[in-house]
Amino acid sequence: MKKSAGFFMTVLSAAAAAVGAAAYFLNCRTNYFVNLGVNPVVMGCAIAAILCQVVYLAATRKGHALWSDVLAVLPPVLLMAAAITLAGARVNGIAAIMTFENNAQNMADLTSAIVGIAACLAAAVTGIIAAFFDTVKE
């Protein structure tokens with residue numbers, strides 16, 4: 001079986017989700033955001049999305065099962081939930097840094113939050129597009 005565009009887009013989406021989860025985890029350890037801790041919804045949704053994508057790729061390699069269609073649609077939903085939750089948790093900090101607390105250290109702390117949000121959104125959009133394509137050519 002040859003790999004199709006859906007396969008590569010799903011791998012790209014999983015990689016972007018991993019980058020988003022890593023950036024968020026690093027952001028939770030920065031001086032500015034350390035007091036907020038790690039939100040289990042953000043990490044849980046990102047990790048669950050990555051696992052769903054891995055299982056989806058493995059399932060479609062062995063043949064098309066009806067339940068694997070759910071695995072094509074579920075990761076973008078989880079990634080959107082992660083991005084929205086992350087943005088909601090960081091919006092006050094972003095506003096404070098951009099207006100009153102703008103210094104080099106806080107801007108560096110803010111960068112990882114923005115990277116995490118952007119990577120989760122990019123992973124979700126890529127996952128949505130990937131869901132329209134087959135993962136293998138027959």
# chains A, B, ... in the order shown; residues from 1 in each chain; ligands from 1
$ closest_atom_pairs --of "stretch 43-112 of chain A" --to "stretch 11-30 of chain A" --cutoff "7 Å" --atoms "only C-alpha atoms" --output "JSON lines"
{"residue": "A:Met43", "atom": "CA", "partner": "A:Ala21", "partner_atom": "CA", "distance": 6.4}
{"residue": "A:Ala46", "atom": "CA", "partner": "A:Ala21", "partner_atom": "CA", "distance": 6.1}
{"residue": "A:Ile50", "atom": "CA", "partner": "A:Ala14", "partner_atom": "CA", "distance": 5.2}
{"residue": "A:Gln53", "atom": "CA", "partner": "A:Ala14", "partner_atom": "CA", "distance": 6.6}
{"residue": "A:Asp109", "atom": "CA", "partner": "A:Thr30", "partner_atom": "CA", "distance": 5.8}
{"residue": "A:Ser112", "atom": "CA", "partner": "A:Asn27", "partner_atom": "CA", "distance": 5.4}
$ write_last_selection --atoms "all heavy atoms" --output "mmCIF file, in the first residue's frame"
data_model
loop_
_atom_site.group_PDB
_atom_site.id
_atom_site.type_symbol
_atom_site.label_atom_id
_atom_site.label_comp_id
_atom_site.auth_asym_id
_atom_site.auth_seq_id
_atom_site.Cartn_x
_atom_site.Cartn_y
_atom_site.Cartn_z
ATOM 1 N N MET A 43 -3.589 19.643 28.256
ATOM 2 C CA MET A 43 -2.662 18.521 28.046
ATOM 3 C C MET A 43 -3.413 17.248 27.675
ATOM 4 O O MET A 43 -2.983 16.503 26.796
ATOM 5 C CB MET A 43 -1.812 18.284 29.298
ATOM 6 C CG MET A 43 -0.759 19.340 29.517
ATOM 7 S SD MET A 43 0.377 19.581 28.136
ATOM 8 C CE MET A 43 1.362 18.118 28.247
ATOM 9 N N ALA A 46 -4.635 17.486 24.006
ATOM 10 C CA ALA A 46 -3.523 17.408 23.050
ATOM 11 C C ALA A 46 -2.960 15.993 22.972
ATOM 12 O O ALA A 46 -2.742 15.460 21.878
ATOM 13 C CB ALA A 46 -2.433 18.399 23.438
ATOM 14 N N ILE A 50 -3.164 13.311 19.738
ATOM 15 C CA ILE A 50 -1.989 12.653 19.154
ATOM 16 C C ILE A 50 -2.174 11.136 19.147
ATOM 17 O O ILE A 50 -1.907 10.468 18.143
ATOM 18 C CB ILE A 50 -0.708 13.062 19.910
ATOM 19 C CG1 ILE A 50 -0.432 14.553 19.729
ATOM 20 C CG2 ILE A 50 0.488 12.233 19.443
ATOM 21 C CD1 ILE A 50 0.610 15.110 20.677
ATOM 22 N N GLN A 53 -4.607 10.064 16.501
ATOM 23 C CA GLN A 53 -4.027 10.111 15.163
ATOM 24 C C GLN A 53 -3.113 8.919 14.915
ATOM 25 O O GLN A 53 -3.108 8.354 13.820
ATOM 26 C CB GLN A 53 -3.288 11.438 14.961
ATOM 27 C CG GLN A 53 -4.250 12.595 14.832
ATOM 28 C CD GLN A 53 -3.568 13.939 14.831
ATOM 29 O OE1 GLN A 53 -2.550 14.139 15.492
ATOM 30 N NE2 GLN A 53 -4.132 14.876 14.096
ATOM 31 N N ASP A 109 8.251 34.867 28.037
ATOM 32 C CA ASP A 109 7.278 33.938 28.606
ATOM 33 C C ASP A 109 6.016 33.887 27.759
ATOM 34 O O ASP A 109 5.407 32.826 27.582
ATOM 35 C CB ASP A 109 6.919 34.347 30.037
ATOM 36 C CG ASP A 109 8.092 34.221 30.999
ATOM 37 O OD1 ASP A 109 9.134 33.642 30.603
ATOM 38 O OD2 ASP A 109 7.973 34.702 32.139
ATOM 39 N N SER A 112 6.101 31.541 24.326
ATOM 40 C CA SER A 112 5.777 30.111 24.364
ATOM 41 C C SER A 112 4.279 29.881 24.454
ATOM 42 O O SER A 112 3.770 28.873 23.935
ATOM 43 C CB SER A 112 6.512 29.416 25.506
ATOM 44 O OG SER A 112 6.156 29.968 26.755
#
$ residues_around --residues "A:Ala89" --least-positions-apart "4" --cutoff "10 Å" --atoms "only C-alpha atoms" --output "ChimeraX atom specification"
/A:33,36,39,42,83-85,93-94,113
$ write_last_selection --atoms "C-alpha atoms" --output "PDB file, in the first residue's frame"
ATOM      1  CA  PHE A  33       2.733  31.662  34.155  1.00  0.00           C
ATOM      2  CA  LEU A  36      -1.362  28.894  36.847  1.00  0.00           C
ATOM      3  CA  ASN A  39      -4.330  22.655  32.875  1.00  0.00           C
ATOM      4  CA  VAL A  42      -5.182  21.319  27.530  1.00  0.00           C
ATOM      5  CA  ALA A  83      -6.391  25.703  21.860  1.00  0.00           C
ATOM      6  CA  ILE A  84      -9.523  27.431  23.142  1.00  0.00           C
ATOM      7  CA  THR A  85      -8.856  26.355  26.737  1.00  0.00           C
ATOM      8  CA  GLY A  93      -1.739  37.312  31.101  1.00  0.00           C
ATOM      9  CA  ILE A  94      -1.435  38.245  27.442  1.00  0.00           C
ATOM     10  CA  ALA A 113       2.088  30.660  25.118  1.00  0.00           C
TER      11      ALA A 113
END
$ closest_residue --among "A:Asn35, A:Leu79, A:Ser68, A:Gln105" --to "A:Ile47" --atoms "only C-alpha atoms"
A:Leu79
$ closest_residue --among "A:Lys3, A:Ala96, A:Ala131, A:Val91" --to "A:Ile114" --atoms "only C-alpha atoms"
A:Val91
$ select_by_dssp --residues "chain A" --states "strand (DSSP E)" --output "list in words"
Lys2, Lys3, Val136 and Lys137 of chain A
